[in-house]
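Chemist: Please read through the structure below; I'll follow up with questions.
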Amino acid sequence: MTLEILKPGLATTVQDLGRPGYFHLGIPEGGAMDRLAMRAANLLVGNDEGAAGLEAVFMGPEIKFGAEMSVAVTGAEMPMTLDGEPRTAWTAFTVKPGQVLSFGFLKEGARIYIAVSGGIDTKPALGSRSTYAIGALGGVEGRAVMAGDVLPVGQAMIVPEGRCVPAQLRRPLEYPVKLRVLPGLYWHRLTEKSQTAFFEDDWVVAPEADRMGYRFRGGQPMEFVDRPQPFGAGSDPSNIVDGCYSYGSIQVPGGLEPIVLHRDAVSGGGYFTLGTVISADMDLIGQLQPNTQIKFVEVTMAEALDARAHRKEMLHEIRRVLS
Amino acid sequence: MTDILSPLPGTFYQRPAPEEPPYQTKGAKVAVGDTIGLVEVMKTFIPVTAETEGVFEGYEAEDASPVTAGAVLAKLG
């Protein structure tokens, strides 16, 4: 079974839940930017949550199906049609050979997830089908899909049409979007004034934001506590002796624009990281359009763990509804 | 009148480079496929092209301004 890409969209890639275990070697986890949406799309069509689907950012692809299969689209709000007939998001539907799925203008959010029953069956690389374009790893020849690509699809049963994730389990965006942050290892490098300003300032998503990192601008430049720079750290006060970065950590090169490291980020370097966006809010970042207003909100470790537990409950509820 | 819409969110530019003139001027004849401007997102500049022919009526979106998907960038007469 196959599907054919007629139009690729902007940067549509094959993604699953990623390849953990290689970050210490510089290979990021990768995988869907909005993991809940990816899992939900897979569950809707009867797949394992870790099956591969397509992640499309800002613009939908146009896809021609080569066989009968179940399809579900989750994540951002982007109207879609099958052979010109509207289809509903977060809901399974069946496609017939030769039918074409197309998308209209993005209305809300940033990334859609397209799952097909059986999953996209490209060759795994280091245990995952996720595309890591900078490392030319996974997906279709390690790159975003192009017009004319024919992607293999696994064999699977068709699921009943109309299976759906209820609206209250889709986590809509509320503006300004609040991203919860746990201050981290290098928080002490900022002056008290800058620590306060970071959480009080209004930030907007910069247009360069991508799968490696989400950049924000609009807040005040940061001031650092004076210190003699340690050996090997470089002269800028935002530099440190090279250290490890974590998924979600916030670096601020030159103290100017915070960058939240996301699924395809580098694993280490010489910028100080003031803290980390909590895991429960990383999916939200994957749904931010350029110029969206956000606030960073300080939380404690206990609050971060509560939020994580809450996200897990939401996923359990989705699994229960679709089981 | 035909609206030319932004295919995706980002920053709209009327000109190929800051020191260059805009792609189109009022009254110019526009053919299918002619570039109207650029939308920058994720470190990529995406050309916005005319899907119908017509006479250029003017830009609706300012140079270097943020736009959403579906926003009207320019009008063709």
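The way I read the labels, and the way they are meant: chains A, B, ... in the order of the structure tokens, residue 1 as the first residue of every chain, and ligand 1 as the first ligand shown, with later ones counted on from there.
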What are the closest atom pairs, with distances in Å to one decimal, for all residues of chain B lying within 8 Å of chain A? Consider only C-alpha atoms, order rows by chain and residue number, and present the result as a tab-separated table.
Modeler:
residue	atom	partner	partner_atom	distance
B:Pro7	CA	A:Phe105	CA	6.7
B:Leu8	CA	A:Phe58	CA	5.6
B:Pro9	CA	A:Pro290	CA	6.7
B:Gly10	CA	A:Pro207	CA	5.8
B:Thr11	CA	A:Pro207	CA	7.0
B:Glu40	CA	A:Pro207	CA	7.0
B:Val41	CA	A:Pro207	CA	4.9
B:Met42	CA	A:Glu208	CA	4.1
B:Lys43	CA	A:Glu208	CA	5.0
B:Pro66	CA	A:Asn291	CA	6.9
B:Ala69	CA	A:Leu106	CA	5.7
B:Gly70	CA	A:Phe105	CA	5.7
Chemist: Store the residues of this selection in a file with N, CA and C atoms, as an mmCIF file, in the first residue's frame.
Modeler:
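The resulting file, result_37.cif, is shown below:
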data_model
loop_
_atom_site.group_PDB
_atom_site.id
_atom_site.type_symbol
_atom_site.label_atom_id
_atom_site.label_comp_id
_atom_site.auth_asym_id
_atom_site.auth_seq_id
_atom_site.Cartn_x
_atom_site.Cartn_y
_atom_site.Cartn_z
ATOM 1 N N PRO B 7 -0.248 32.328 1.708
ATOM 2 C CA PRO B 7 -0.472 30.887 1.887
ATOM 3 C C PRO B 7 -0.158 30.406 3.304
ATOM 4 N N LEU B 8 0.592 31.211 4.068
ATOM 5 C CA LEU B 8 1.011 30.756 5.394
ATOM 6 C C LEU B 8 1.369 31.939 6.275
ATOM 7 N N PRO B 9 1.470 31.744 7.591
ATOM 8 C CA PRO B 9 1.805 32.872 8.467
ATOM 9 C C PRO B 9 3.299 33.181 8.409
ATOM 10 N N GLY B 10 3.665 34.432 8.651
ATOM 11 C CA GLY B 10 5.072 34.821 8.649
ATOM 12 C C GLY B 10 5.211 36.322 8.512
ATOM 13 N N THR B 11 6.319 36.757 7.920
ATOM 14 C CA THR B 11 6.562 38.177 7.694
ATOM 15 C C THR B 11 6.513 38.430 6.197
ATOM 16 N N GLU B 40 8.341 35.306 4.831
ATOM 17 C CA GLU B 40 9.464 34.669 5.523
ATOM 18 C C GLU B 40 8.955 33.911 6.739
ATOM 19 N N VAL B 41 9.312 32.652 6.805
ATOM 20 C CA VAL B 41 9.023 31.874 8.008
ATOM 21 C C VAL B 41 10.034 30.741 8.093
ATOM 22 N N MET B 42 10.425 30.367 9.302
ATOM 23 C CA MET B 42 11.396 29.282 9.541
ATOM 24 C C MET B 42 12.654 29.446 8.667
ATOM 25 N N LYS B 43 13.170 30.644 8.626
ATOM 26 C CA LYS B 43 14.411 30.951 7.897
ATOM 27 C C LYS B 43 14.291 30.682 6.401
ATOM 28 N N PRO B 66 3.892 41.489 9.909
ATOM 29 C CA PRO B 66 3.433 40.126 10.199
ATOM 30 C C PRO B 66 2.107 39.825 9.521
ATOM 31 N N ALA B 69 -2.025 33.205 7.802
ATOM 32 C CA ALA B 69 -2.420 32.446 6.607
ATOM 33 C C ALA B 69 -3.789 32.938 6.158
ATOM 34 N N GLY B 70 -3.947 33.211 4.871
ATOM 35 C CA GLY B 70 -5.223 33.684 4.341
ATOM 36 C C GLY B 70 -5.366 35.200 4.363
#
Chemist: Skip Gly77 in chain B itself and residues of its chain fewer than 4 positions away, then list as a ChimeraX atom specification all residues within 10 Å of it, counting only C-alpha atoms.
Modeler: /B:1-3,27,29-30,53-58
Chemist: Determine, counting only C-alpha atoms, which protein, DNA and RNA residues have an atom within 7 Å of an atom of Val39 in chain B; residues of the same chain fewer than 4 positions away are not included. Present the result as a ChimeraX atom specification.
Modeler: /B:10-13,45-47
Chemist: Write out the residues from the selection above, keeping C-alpha atoms, as a PDB file, in the first residue's frame.
Modeler:
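File produced: out-v7.pdb:
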ATOM      1  CA  GLY B  10       5.072  34.821   8.649  1.00  0.00           C
ATOM      2  CA  THR B  11       6.562  38.177   7.694  1.00  0.00           C
ATOM      3  CA  PHE B  12       5.511  39.674   4.361  1.00  0.00           C
ATOM      4  CA  TYR B  13       7.970  41.532   2.142  1.00  0.00           C
ATOM      5  CA  PHE B  45      11.509  32.988   2.008  1.00  0.00           C
ATOM      6  CA  ILE B  46       8.444  31.673   0.189  1.00  0.00           C
ATOM      7  CA  PRO B  47       7.490  33.519  -3.036  1.00  0.00           C
TER       8      PRO B  47
END
Chemist: So which residues touch range 133-146 of chain A within 12 Å, counting only C-alpha atoms, skipping near sequence neighbours fewer than 3 positions away, as an MDAnalysis selection string?
Modeler: chainID A and resid 3:16 18:19 26:31 52:57 60:63 120:130 149:152 210:212 263:266
Chemist: For the selection just defined, write its residues with N, CA and C atoms to a file, as a short mmCIF file (atom, residue, chain, number, x, y, z; two decimals), in the first residue's frame.
Modeler:
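Okay, result.cif is ready:
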data_model
loop_
_atom_site.label_atom_id
_atom_site.label_comp_id
_atom_site.auth_asym_id
_atom_site.auth_seq_id
_atom_site.Cartn_x
_atom_site.Cartn_y
_atom_site.Cartn_z
N LEU A 3 0.90 5.89 -0.47
CA LEU A 3 0.25 7.17 -0.72
C LEU A 3 1.24 8.04 -1.47
N GLU A 4 0.72 8.95 -2.30
CA GLU A 4 1.60 9.79 -3.12
C GLU A 4 1.46 11.25 -2.71
N ILE A 5 2.57 11.93 -2.61
CA ILE A 5 2.56 13.37 -2.29
C ILE A 5 2.41 14.13 -3.61
N LEU A 6 1.27 14.81 -3.78
CA LEU A 6 1.08 15.62 -4.99
C LEU A 6 1.69 17.01 -4.80
N LYS A 7 1.41 17.61 -3.62
CA LYS A 7 2.05 18.88 -3.24
C LYS A 7 2.59 18.71 -1.84
N PRO A 8 3.82 19.15 -1.60
CA PRO A 8 4.44 18.83 -0.31
C PRO A 8 4.04 19.74 0.86
N GLY A 9 3.49 20.93 0.58
CA GLY A 9 3.34 21.90 1.67
C GLY A 9 4.69 22.58 1.90
N LEU A 10 4.90 23.11 3.08
CA LEU A 10 6.12 23.89 3.34
C LEU A 10 7.29 22.98 3.77
N ALA A 11 7.10 22.22 4.82
CA ALA A 11 8.16 21.34 5.32
C ALA A 11 7.46 20.16 5.97
N THR A 12 6.84 19.34 5.15
CA THR A 12 6.09 18.19 5.65
C THR A 12 7.05 17.02 5.81
N THR A 13 7.08 16.44 7.00
CA THR A 13 8.04 15.37 7.27
C THR A 13 7.34 14.16 7.88
N VAL A 14 7.96 12.99 7.66
CA VAL A 14 7.53 11.77 8.35
C VAL A 14 8.01 11.90 9.79
N GLN A 15 7.11 11.69 10.75
CA GLN A 15 7.49 11.73 12.16
C GLN A 15 6.77 10.63 12.93
N ASP A 16 7.48 10.11 13.94
CA ASP A 16 6.81 9.26 14.94
C ASP A 16 7.13 9.89 16.30
N GLY A 18 9.92 9.62 17.89
CA GLY A 18 11.33 9.98 17.99
C GLY A 18 12.25 8.83 18.33
N ARG A 19 13.55 9.16 18.47
CA ARG A 19 14.60 8.16 18.71
C ARG A 19 15.38 8.52 19.97
N GLY A 26 24.87 13.53 20.30
CA GLY A 26 24.57 14.69 19.47
C GLY A 26 23.40 14.48 18.53
N ILE A 27 22.74 13.32 18.62
CA ILE A 27 21.59 13.07 17.75
C ILE A 27 20.32 13.28 18.56
N PRO A 28 19.53 14.30 18.18
CA PRO A 28 18.37 14.64 19.00
C PRO A 28 17.29 13.57 18.95
N GLU A 29 16.41 13.62 19.93
CA GLU A 29 15.29 12.68 20.00
C GLU A 29 14.39 12.79 18.78
N GLY A 30 14.19 14.01 18.30
CA GLY A 30 13.33 14.22 17.14
C GLY A 30 11.90 13.78 17.44
N GLY A 31 11.15 13.51 16.39
CA GLY A 31 9.75 13.10 16.56
C GLY A 31 8.81 14.28 16.55
N ALA A 52 4.38 5.88 12.48
CA ALA A 52 4.79 7.11 11.81
C ALA A 52 3.64 7.70 11.00
N GLY A 53 3.55 9.01 11.03
CA GLY A 53 2.58 9.75 10.22
C GLY A 53 3.29 10.94 9.60
N LEU A 54 2.51 11.90 9.12
CA LEU A 54 3.09 13.10 8.52
C LEU A 54 2.83 14.29 9.43
N GLU A 55 3.87 15.10 9.62
CA GLU A 55 3.73 16.38 10.32
C GLU A 55 3.86 17.48 9.28
N ALA A 56 2.83 18.34 9.17
CA ALA A 56 2.88 19.45 8.21
C ALA A 56 2.76 20.75 8.98
N VAL A 57 3.65 21.70 8.66
CA VAL A 57 3.68 22.95 9.41
C VAL A 57 3.17 24.11 8.54
N GLY A 60 -0.82 22.70 4.50
CA GLY A 60 -1.06 21.26 4.34
C GLY A 60 -0.51 20.75 3.03
N PRO A 61 -0.16 19.46 2.97
CA PRO A 61 0.23 18.85 1.70
C PRO A 61 -1.02 18.46 0.90
N GLU A 62 -0.82 17.95 -0.31
CA GLU A 62 -1.92 17.33 -1.06
C GLU A 62 -1.50 15.88 -1.28
N ILE A 63 -2.40 14.97 -0.89
CA ILE A 63 -2.03 13.55 -0.85
C ILE A 63 -3.02 12.72 -1.66
N ILE A 120 2.95 5.10 8.16
CA ILE A 120 3.92 5.27 7.07
C ILE A 120 5.05 4.28 7.34
N ASP A 121 5.41 3.52 6.32
CA ASP A 121 6.32 2.39 6.53
C ASP A 121 7.68 2.60 5.88
N THR A 122 8.20 3.81 5.98
CA THR A 122 9.57 4.06 5.49
C THR A 122 10.55 3.34 6.42
N LYS A 123 11.80 3.22 5.97
CA LYS A 123 12.79 2.45 6.72
C LYS A 123 13.21 3.19 7.99
N PRO A 124 13.13 2.54 9.15
CA PRO A 124 13.57 3.22 10.38
C PRO A 124 15.09 3.47 10.35
N ALA A 125 15.50 4.55 11.03
CA ALA A 125 16.92 4.84 11.21
C ALA A 125 17.15 5.02 12.70
N LEU A 126 18.06 4.26 13.28
CA LEU A 126 18.31 4.26 14.72
C LEU A 126 17.00 4.11 15.50
N GLY A 127 16.17 3.19 15.03
CA GLY A 127 14.97 2.82 15.78
C GLY A 127 13.77 3.73 15.60
N SER A 128 13.83 4.67 14.65
CA SER A 128 12.71 5.59 14.46
C SER A 128 12.58 5.99 13.00
N ARG A 129 11.34 6.27 12.58
CA ARG A 129 11.14 6.76 11.21
C ARG A 129 11.16 8.28 11.15
N SER A 130 11.31 8.94 12.30
CA SER A 130 11.28 10.41 12.33
C SER A 130 12.34 11.01 11.43
N ASP A 149 6.84 12.02 -4.39
CA ASP A 149 7.25 10.95 -3.48
C ASP A 149 6.10 9.96 -3.29
N VAL A 150 6.41 8.67 -3.37
CA VAL A 150 5.41 7.64 -3.07
C VAL A 150 5.85 6.95 -1.77
N LEU A 151 5.04 7.08 -0.74
CA LEU A 151 5.42 6.57 0.57
C LEU A 151 4.74 5.22 0.84
N PRO A 152 5.51 4.24 1.33
CA PRO A 152 4.90 2.96 1.68
C PRO A 152 4.04 3.08 2.93
N ASP A 210 11.58 27.04 14.57
CA ASP A 210 11.43 25.80 13.80
C ASP A 210 11.56 24.58 14.69
N ARG A 211 11.80 23.43 14.10
CA ARG A 211 11.85 22.19 14.88
C ARG A 211 13.06 22.13 15.81
N MET A 212 14.10 22.90 15.53
CA MET A 212 15.27 22.92 16.41
C MET A 212 15.01 23.75 17.64
N ARG A 263 12.44 19.54 19.49
CA ARG A 263 12.73 18.12 19.21
C ARG A 263 14.04 17.90 18.43
N ASP A 264 14.40 18.81 17.51
CA ASP A 264 15.59 18.60 16.68
C ASP A 264 16.78 19.45 17.14
N ALA A 265 16.81 19.80 18.43
CA ALA A 265 17.84 20.71 18.92
C ALA A 265 19.20 20.05 19.08
N VAL A 266 20.23 20.90 19.15
CA VAL A 266 21.58 20.42 19.47
C VAL A 266 21.60 19.99 20.93
#
Chemist: How would you write, as number ranges by chain, the set of residues in range 10-74 of chain B that DSSP gives as strand (DSSP E)?
Modeler: B: 10-13, 29-30, 35-41, 44-49, 54-59, 65-67, 72-74
Chemist: Taking the DSSP assignment computed from this structure's backbone, write out as a list in words all residues of range 257-299 of chain A that belong to helix (DSSP H, G or I).
Modeler: Ser279, Ala280, Asp281, Met282, Asp283, Leu284 and Ile285 of chain A
Chemist: How many Å separate CA of Gly46 in chain A from CA of Ser117 in chain A?
Modeler: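 Interatomic distance here is 6.4 Å.
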Chemist: Can you pull out the residues contacting Gln99 in chain A? Cut-off 7 Å, using only C-alpha atoms, and skip same-chain residues under 4 positions away; I want them as a PyMOL selection string.
Modeler: chain A and resi 64-65+82-83+95
Chemist: Using only C-alpha atoms, pick whichever of B:Thr44, B:Leu38, B:Gly33, B:Glu51 has the shortest atom-to-atom distance to Val67 in chain B.
Modeler: B:Leu38
